Amino acid sequence: MSTIQDLRDVLREHADSVSDDTLPSLADNARRQAVGIRRRRMAGAVAAAAAVTALAGLAILNVDSLDGSRGEVPPSGDKTVHVPVDESFAGRTLIDSRSTNGADELTLTLDTEVPTEWNVSCWGLGPGYTLHVEIDEGTFPGERPCRDERPADPEVTYQLDSRYPTGEHTIRAWITGGAMSVTDLESAVLVISVYELPDPVATVAGIDVFDEQFFFEKIYSLDKYDESNPGDRTLKSSYRQLTDESVAIQILATGSGDNPVKLYIDGLYQGELTIPDNYIWGTRTLGPHTVELRISGAVPADARLGVAWRPFTRKAP
Amino acid sequence: MDSLSVTPPLEPAQGYRMSGVSDFDAFVAARSSALLRTAFLLTHDHGRAEDLLQTALAKGWLAWSRIDTDPEAYVRKIMVNTYATWWRRRWNDEKPTGDLPDAGYDEDQSVRHDLWAALGRLPRGQRAVVVLRYFEDCSEAETARLLECSVGTVKSQTAKALAKLRVDEALFSNPGPTGTEGS
């Protein structure tokens with residue numbers, strides 16, 4: 001058993017170990033990052049209702065983690081490689097994929113007649129590098145840290161569901177890093193895969209919701225959902241998970257403006273969403289659970305909030 | 001009061017008029033080291049700590065002209081809340097906290113090593129509460145304000161965190177800032 005004093009000592013000891021020799025450029029970097037945040041906020045407001053599942057909404061992370069420029073990128077040449085991707089998962093069927101190794105950018109253009117899901121992954125470089133993604137030249141920009149190893153889930157996912165026009169779309173993924181070198185790039189892998197979406201089983205807060213959703217190597221199926229009426233400030237939803245398996249919580253929000261939406265799970269504040277959003281926020285285990293969404297500030301008349309509860313179904317193959 | 005040295009919050013009278021680039025630069029130069037220490041305790045990782053601080057400063061810069069007083073408190077609040085929402089997709093499955101080894105850890109170094117490791121296994125909310133309460137010396141009310149939750153939540157999260165850390169408050173002879181003001 002330890003004491004509070006032990007705890008204080010440990011905290012102080014580790015805080016004192018922090019080196020701040022990278023701080024001289026911090027103010028400049030923060031201002032550059034702020035430009036990116038502002039740009040994304042504006043894009044988010046314009047691009048109302050992007051059905052960006054999971055990680056695309058995490059674009060606020062690691063913004064321009066280095067200098068935000070393209071870095072010292074060597075000439076790419078043809079770096080196309082074949083990286084296997086799933087032919088199908090969670091009701092999605094592969095339409096096309098493209099991958100590259102040793103290049104800093106990858107683009108895929110597809111002309112489809114069906115709603116689609118676009119997944120992007122990047123690995124081999126580590127979190128010191130940033131993956132940027134955009135669709136159709138600037139729409140729904142997102143970014144994530146690169147990974148060292150191939151991630152179980154795609155880093156960024158865009159669902160172009162029935163609200164969006166079919167036809168030609170182009171997705172572009174690129175990597176930035178202040179000290180990017182030829183040696184680093186050799187290990188970089190970029191993968192884009194495009195899947196046909198299944199028919200939705202419901203529309204929640206104006207967003208198509210599908211029977212199955214992939215999340216950290218597991219499949220979660222829709223069991224229950226609640227949605228608010230347009231213009232409501234809050235939405236409360238409850239669910240009782242009856243088994244030892246987890247239940248995934250999908251949060252949806254649409255409407256004009258970019259009001260923050262506060263999220264509470266089981267009474268605890270979790271963080272803020274920004275309209276539009278569509279996330280698998282996380283999972284909970286056995287027992288009763290509640291989710292509350294609350295729009296801050298003025299509530300747009302068309303604002304809709306939704307919560308979908310998805311119990312675990314099976315492990316992904 | 002124990003021997004913990006905590007950098008005092010910036011006084012508005014110290015002259016950071018939140019109006020322009022030079023003021024922001026001066027603020028960052030003066031306060032980033034202290035903020036980085038907190039970020040490190042939250043993230044347990046130097047790289048992520050720097051990213052977290054930079055992100056908080058970026059958000060602070062966007063609101064810089066609107067900050068009336070105490071920019072450090074403003075940025076600190078952004079930082080703590082940004083940390084709470086970071087990596088949220090990895091927040092799943094309520095992974096159980098691993099048990100700490102029991103006997104034979106009476107040497108200071110072992111205790112501290114285990115405590116640090118156990119801190120790293122705490123859920124983010126509980127880790128944030130611990131850092132604010134026992135490193136920043138925030139009261140329960142201040143912690144609740146920073147985390148945008150109730151004082152009751154702070155109390156319960158603190159109790160859960162200390163239980164997981166196997167820290168016994170009763171063993172601490174000097175109570176320090178453990179008051180319940182604002183509750």
# chains A, B, ... in the order shown; residues from 1 in each chain; ligands from 1
>>> closest_atom_pairs(of="chain A", to="chain B", cutoff="7 Å", atoms="only C-alpha atoms", output="Markdown table")
| residue | atom | partner | partner_atom | distance |
| --- | --- | --- | --- | --- |
| A:Met1 | CA | B:Arg166 | CA | 5.3 |
| A:Ser2 | CA | B:Val167 | CA | 4.6 |
| A:Thr3 | CA | B:Val167 | CA | 5.2 |
| A:Ile4 | CA | B:Phe172 | CA | 5.5 |
| A:Gln5 | CA | B:Phe172 | CA | 6.4 |
| A:Asp6 | CA | B:Arg112 | CA | 6.9 |
| A:Leu7 | CA | B:Leu115 | CA | 7.0 |
| A:Arg8 | CA | B:Tyr134 | CA | 5.8 |
| A:Val10 | CA | B:Arg112 | CA | 5.7 |
| A:Leu11 | CA | B:Phe135 | CA | 6.3 |
| A:Arg12 | CA | B:Phe135 | CA | 6.9 |
| A:Ala15 | CA | B:Arg37 | CA | 4.9 |
| A:Val18 | CA | B:Arg37 | CA | 6.2 |
| A:Asp20 | CA | B:Ser33 | CA | 6.3 |
| A:Leu26 | CA | B:Gln54 | CA | 6.6 |
| A:Ala27 | CA | B:Asp25 | CA | 5.7 |
| A:Ala30 | CA | B:Ala58 | CA | 4.4 |
| A:Arg31 | CA | B:Ala58 | CA | 5.6 |
| A:Gln33 | CA | B:Ala58 | CA | 5.8 |
| A:Ala34 | CA | B:Ala58 | CA | 4.5 |
| A:Asn62 | CA | B:Asp51 | CA | 6.0 |
| A:Ser65 | CA | B:Asp51 | CA | 6.9 |
| A:Ser246 | CA | B:Asp93 | CA | 6.5 |
| A:Tyr269 | CA | B:Cys149 | CA | 6.2 |
| A:Gln270 | CA | B:Thr85 | CA | 6.7 |
| A:Gly271 | CA | B:Thr85 | CA | 5.3 |
| A:Trp281 | CA | B:Arg89 | CA | 5.9 |
| A:Gly282 | CA | B:Asn92 | CA | 4.7 |
| A:Thr283 | CA | B:Asn92 | CA | 4.8 |
| A:Arg284 | CA | B:Asp93 | CA | 5.9 |
| A:Thr285 | CA | B:Asp93 | CA | 6.7 |
>>> write_last_selection(atoms="C-alpha atoms", output="short mmCIF file (atom, residue, chain, number, x, y, z; two decimals), in the first residue's frame")
data_model
loop_
_atom_site.label_atom_id
_atom_site.label_comp_id
_atom_site.auth_asym_id
_atom_site.auth_seq_id
_atom_site.Cartn_x
_atom_site.Cartn_y
_atom_site.Cartn_z
CA MET A 1 0.00 0.00 0.00
CA SER A 2 1.32 3.41 -0.94
CA THR A 3 0.64 6.83 0.46
CA ILE A 4 -0.53 10.06 -1.08
CA GLN A 5 2.97 11.37 -0.55
CA ASP A 6 4.36 8.48 -2.61
CA LEU A 7 1.93 9.40 -5.34
CA ARG A 8 2.93 13.05 -5.24
CA VAL A 10 6.12 9.90 -8.34
CA LEU A 11 4.22 12.57 -10.22
CA ARG A 12 6.80 15.21 -9.43
CA ALA A 15 7.28 15.67 -14.37
CA VAL A 18 10.45 16.12 -18.97
CA ASP A 20 11.55 20.80 -23.14
CA LEU A 26 6.14 25.66 -30.18
CA ALA A 27 4.32 28.96 -30.63
CA ALA A 30 0.70 25.99 -32.61
CA ARG A 31 -0.30 28.88 -34.83
CA GLN A 33 -1.87 24.00 -36.36
CA ALA A 34 -4.57 26.54 -35.52
CA ASN A 62 -1.84 15.59 -34.30
CA SER A 65 2.43 17.46 -36.26
CA SER A 246 -19.36 -5.52 -25.03
CA TYR A 269 -18.59 13.70 -19.37
CA GLN A 270 -16.61 12.13 -22.19
CA GLY A 271 -15.84 14.95 -24.56
CA TRP A 281 -17.30 6.13 -29.71
CA GLY A 282 -16.37 3.07 -27.73
CA THR A 283 -17.79 0.06 -26.01
CA ARG A 284 -19.26 -0.78 -22.67
CA THR A 285 -19.66 -4.06 -20.85
#
>>> select_by_dssp(residues="segment 193-272 of chain A", states="strand (DSSP E)", output="JSON, numbers by chain")
{"A": [193, 194, 195, 196, 202, 203, 204, 207, 208, 209, 212, 213, 214, 215, 218, 219, 220, 221, 224, 225, 226, 227, 234, 235, 236, 237, 238, 239, 240, 241, 247, 248, 249, 250, 251, 252, 253, 254, 260, 261, 262, 263, 264, 265, 268, 269, 270, 271, 272]}
>>> atom_distance(atom1="atom CA of Glu186 of chain A", atom2="atom CA of Asp86 of chain A")
24.2 Å
>>> select_by_dssp(residues="segment 122-228 of chain A", states="alpha helix (DSSP H)", output="MDAnalysis selection string")
chainID A and resid 182:186
